[in-house]
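**Q** First, the structure itself, so that you have it in front of you.
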Amino acid sequence: MQKTQNSQQNQNLWWQRGVVYQIYPRSFKDSNADGIGDLTGIIEKLDYLSNTLGIDAIWLSPFYPSPMADFGYDVSNYTDVDPIFGDLAAFDRLIEEAHRRNIHIIVDFVPNHSSDQHPWFIESRSSRDNPKRNWYTWADPKADGSAPNNWLSVFGGSAWEWDEKTKQYYLHSFLSEQPDLNWRNPDLRAAMLSAVQFWLERGVDGFRIDVAHFIMKDPDLRDNPPNPNVADNPYKSLGDYDSQLHLYDKGHADIHGVLREFREMLDEYSVTRPRFSVGEIHIFDWQEWATYYGAALDELHMPFNFSLIGAAWKAPVVRAAVTAVEAAMPQGGWPNYVLSNHDEHRIVTKLGAEQARIAMLLLLTLRGTPTMYYGDEIGMHDVVIPPEREQDPWGKRVKGLGLGRDPERTPMQWDSSPNAGFSPAGVEMWLPIADDYEQINVAAQQNDSTSMLSLTRDLIRLRQMTPALNIGQHITVENMPDDCFVYVRQLGDERRLIALNFSAMPQTLTAVGIGTGKILLSTHPNRSGEVDLAEFTLAANEGIILEL
């Protein structure tokens with residue numbers, strides 16, 4: 001067996017023991033019949049999240065005022081709520097009602113860029129001598145009038161946009177409507193940290209930091225070198241963006257100073273109750289990734305780990321990914337896992353319905369904090385969006401590359417009524433729903449012991465009541481069949497063995513020296529009893545949890 005470092009028994013903070021549930025507010029519940037989800041709709045479904053599902057925290061994708069060029073990730077006011085979603089009073093009610101149910105609230109913070117309609121940028125581009133000019137990244141053209149360097153936008157094309165009035169280029173790592181903020185400017189830095197404080201004062205429990213590793217760039221604006229291994233990208237293709245090694249347009253070492261300052265503020269507020277930060281970090285060099293915890297664990301509480309999102313769904317690949325992350329963890333650090341989100345295909349679409357059950361068992365039994373995406377608990381899948389209903393600006397700009405994110409952002413399917421209970425009948429929803437929503441919805445699965453919802457609920461409850469599963473160490477069991485991933489979670493004398501069959505064929509496992517085990521849960525209904533671990537068989541597409 002291969003053991004990880006021991007977990008400390010005092011690791012009992014809510015974000016370490018808990019399950020995080022991501023809500024895309026536009027798509028969770030429409031309370032005012034406009035076809036778009038809102039904060040009041042989320043409040044209406046808190047009992048489902050608390051009582052039925054049993055999650056511990058909600059991560060809310062952006063709800064700030066925005067022109068919606070990138071559906072909220074282009075922020076025009078960091079300290080308010082877009083009228084589409086409600087107002088600050090509705091947000092305060094959400095905090096109050098969530099906390100009453102022991103649910104923590106994590107808000108999405110977007111520090112790399114604002115909207116070009118933000119008052120700060122309107123001032124910044126008004127003249128070269130405006131006091132807010134250097135709140136954004138401006139640069140002169142080259143002698144031939146071209147962009148200052150070869151940096152590319154993640155969403156396609158140059159990362160530089162010409163401003164005719166002031167005769168300079170401004171930097172945008174994403175859409176041109178999302179100009180990059182200049183965190184080297186102390187006034188901008190203070191203003192952004194003030195926005196963080198605003199939400200802490202309203203009672204939020206943590207922040208998910210959007211593209212956290214982008215905030216600091218090379219101050220000399222050096223060109224990126226070409227990427228000699230463009231075909232080896234472990235993430236979904238980003239088109240021409242992958243043609244470069246992004247050495248200078250993100251991840252400058254000065255980012256760690258920003259994150260330490262951010263953490264200091266969270267720590268000050270943690271005196272009353274623990275606050276939390278998780279950063280979106282698309283880095284697959286695990287040693288570099290681990291630096292975002294901070295040398296003294298004084299930066300992010302967790303950098304998001306996306307190793308399983310783009311990984312081939314094969315037991316050896318998944319096992320290697322888990323091993324690599326565990327090996328890179330700094331002493332005292334806490335890992336995390338995620339399988340889907342608002343930017344990535346849904347689990348069922350990637351893996352099929354049977355292996356999606358294996359994936360859910362994996363997610364909820366690995367050491368570390370799991371983050372679930374709304375709808376995955378009922379097996380929602382990507383929806384084919386007709387061209388005339390497309391909304392995602394990225395998908396519209398890079399047609400043919402399959403990068404549009406609308407298919408994984410469709411409305412939550414609550415019941416079998418028209419519009420799946422998301423909006424009232426007759427209302428056109430902002431995106432269409434799946435044709436099979438009458439079968440794949442909360443109401444249809446809630447009392448079905450064989451459903452994906454029941455499996456997810458049972459896994460969360462078992463995790464919550466079993467210290468070995470929520471804070472125990474991870475021990476990989478070696479010499480298993482190639483199609484199986486087997487590991488033990490252990491805390492003191494409490495041991496749970498998890499065995500996952502990634503194939504559509506039965507697999508016989510031999511675990512000499514472990515003894516017998518009692519089946520606590522199987523992805524296949526009605527399997528129970530004791531098994532002799534000297535030789536036992538997993539059915540096709542089966543995952544089990546055994547008490548040793």
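Simple scheme: letters A, B, ... for chains in structure tokens order, numbers from 1 for residues in each chain, numbers from 1 for ligands in the order shown.
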I'd like the contact shell of A:Ile209 - 7 Å cut-off, only C-alpha atoms, skipping same-chain residues fewer than 5 positions apart - returned as number ranges by chain.

**A** A: 108-110, 278-280

**Q** Could you please take those selected residues and save all heavy atoms as an mmCIF file, in the first residue's frame?

**A**
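Below you can see selection34.cif, which holds the result:
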data_model
loop_
_atom_site.group_PDB
_atom_site.id
_atom_site.type_symbol
_atom_site.label_atom_id
_atom_site.label_comp_id
_atom_site.auth_asym_id
_atom_site.auth_seq_id
_atom_site.Cartn_x
_atom_site.Cartn_y
_atom_site.Cartn_z
ATOM 1 N N ASP A 108 -18.103 34.234 -5.911
ATOM 2 C CA ASP A 108 -17.092 34.298 -6.967
ATOM 3 C C ASP A 108 -16.519 35.708 -6.997
ATOM 4 O O ASP A 108 -17.263 36.686 -7.116
ATOM 5 C CB ASP A 108 -17.741 33.968 -8.315
ATOM 6 C CG ASP A 108 -16.860 33.129 -9.211
ATOM 7 O OD1 ASP A 108 -15.666 33.419 -9.265
ATOM 8 O OD2 ASP A 108 -17.376 32.199 -9.842
ATOM 9 N N PHE A 109 -15.214 35.831 -6.855
ATOM 10 C CA PHE A 109 -14.535 37.124 -6.939
ATOM 11 C C PHE A 109 -13.709 37.141 -8.212
ATOM 12 O O PHE A 109 -12.986 36.181 -8.506
ATOM 13 C CB PHE A 109 -13.650 37.324 -5.710
ATOM 14 C CG PHE A 109 -12.992 38.678 -5.634
ATOM 15 C CD1 PHE A 109 -13.747 39.830 -5.658
ATOM 16 C CD2 PHE A 109 -11.607 38.794 -5.531
ATOM 17 C CE1 PHE A 109 -13.142 41.081 -5.581
ATOM 18 C CE2 PHE A 109 -10.988 40.033 -5.454
ATOM 19 C CZ PHE A 109 -11.764 41.177 -5.478
ATOM 20 N N VAL A 110 -13.818 38.221 -8.996
ATOM 21 C CA VAL A 110 -13.210 38.294 -10.331
ATOM 22 C C VAL A 110 -12.158 39.401 -10.330
ATOM 23 O O VAL A 110 -12.428 40.543 -10.720
ATOM 24 C CB VAL A 110 -14.284 38.552 -11.410
ATOM 25 C CG1 VAL A 110 -13.677 38.436 -12.810
ATOM 26 C CG2 VAL A 110 -15.458 37.598 -11.250
ATOM 27 N N VAL A 278 -10.566 29.637 -2.353
ATOM 28 C CA VAL A 278 -10.138 28.634 -3.319
ATOM 29 C C VAL A 278 -9.908 29.366 -4.637
ATOM 30 O O VAL A 278 -10.717 30.198 -5.040
ATOM 31 C CB VAL A 278 -11.171 27.497 -3.473
ATOM 32 C CG1 VAL A 278 -12.533 28.012 -3.911
ATOM 33 C CG2 VAL A 278 -10.659 26.424 -4.440
ATOM 34 N N GLY A 279 -8.784 29.100 -5.276
ATOM 35 C CA GLY A 279 -8.442 29.824 -6.491
ATOM 36 C C GLY A 279 -8.539 28.957 -7.725
ATOM 37 O O GLY A 279 -8.157 27.789 -7.705
ATOM 38 N N GLU A 280 -9.057 29.540 -8.802
ATOM 39 C CA GLU A 280 -9.058 28.851 -10.091
ATOM 40 C C GLU A 280 -7.639 28.908 -10.641
ATOM 41 O O GLU A 280 -7.161 29.964 -11.062
ATOM 42 C CB GLU A 280 -10.039 29.518 -11.063
ATOM 43 C CG GLU A 280 -10.100 28.810 -12.404
ATOM 44 C CD GLU A 280 -10.934 29.543 -13.433
ATOM 45 O OE1 GLU A 280 -11.198 30.753 -13.240
ATOM 46 O OE2 GLU A 280 -11.312 28.915 -14.438
#

**Q** Would you please extract all strand (DSSP E) residues from stretch 176-248 of chain A, as assigned by DSSP on the backbone, and give them as a PyMOL selection string?

**A** chain A and resi 206-209

**Q** Atoms to include: N, CA, C and O atoms. Write the selected residues as an mmCIF file, in the first residue's frame.

**A**
data_model
loop_
_atom_site.group_PDB
_atom_site.id
_atom_site.type_symbol
_atom_site.label_atom_id
_atom_site.label_comp_id
_atom_site.auth_asym_id
_atom_site.auth_seq_id
_atom_site.Cartn_x
_atom_site.Cartn_y
_atom_site.Cartn_z
ATOM 1 N N GLY A 206 -16.579 32.737 2.250
ATOM 2 C CA GLY A 206 -15.380 32.488 1.471
ATOM 3 C C GLY A 206 -15.511 33.012 0.062
ATOM 4 O O GLY A 206 -16.553 33.536 -0.350
ATOM 5 N N PHE A 207 -14.420 32.848 -0.685
ATOM 6 C CA PHE A 207 -14.337 33.354 -2.054
ATOM 7 C C PHE A 207 -13.735 32.299 -2.957
ATOM 8 O O PHE A 207 -12.746 31.640 -2.597
ATOM 9 N N ARG A 208 -14.329 32.151 -4.123
ATOM 10 C CA ARG A 208 -13.691 31.426 -5.222
ATOM 11 C C ARG A 208 -13.096 32.509 -6.112
ATOM 12 O O ARG A 208 -13.818 33.384 -6.611
ATOM 13 N N ILE A 209 -11.789 32.487 -6.299
ATOM 14 C CA ILE A 209 -11.089 33.549 -7.012
ATOM 15 C C ILE A 209 -10.912 33.135 -8.465
ATOM 16 O O ILE A 209 -10.199 32.179 -8.781
#

**Q** Restricting the calculation to only C-alpha atoms: of A:Leu152, A:Arg346, A:Gln117, A:Ala327, which residue gets closest to A:Lys250?

**A**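 Selected residue with least distance to A:Lys250: A:Leu152.
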
**Q** Using only C-alpha atoms, I'd like a table of the residues in stretch 334-436 of chain A that come within 9 Å of stretch 520-529 of chain A; for each, show the closest atom pair and its distance in Å rounded to one decimal, ordered by chain and ascending number, as a tab-separated table.

**A**
residue	atom	partner	partner_atom	distance
A:Glu354	CA	A:Thr523	CA	8.7
A:Arg357	CA	A:Thr523	CA	6.3
A:Ile358	CA	A:Thr523	CA	7.0
A:Leu361	CA	A:Thr523	CA	7.9

**Q** Find the residue from A:Arg263, A:Tyr373, A:Ile309, A:Ala290 that sits nearest to A:Leu60; use only C-alpha atoms when measuring.

**A**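 When distances to A:Leu60 are compared using only C-alpha atoms, the smallest one comes from A:Tyr373.
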
**Q** Using only C-alpha atoms, which protein or nucleic acid residues come within 9 Å of A:Thr466? Drop anything in the same chain fewer than 5 positions from it, and give the result as number ranges by chain.

**A** A: 461, 471, 494, 496

**Q** Since we have the selection now, will you write its residues out, keeping C-alpha atoms, as a short mmCIF file (atom, residue, chain, number, x, y, z; two decimals), in the first residue's frame?

**A**
data_model
loop_
_atom_site.label_atom_id
_atom_site.label_comp_id
_atom_site.auth_asym_id
_atom_site.auth_seq_id
_atom_site.Cartn_x
_atom_site.Cartn_y
_atom_site.Cartn_z
CA ARG A 461 -24.44 11.27 4.45
CA ILE A 471 -10.50 13.73 7.20
CA GLU A 494 -11.63 3.32 11.46
CA ARG A 496 -13.08 2.17 4.75
#
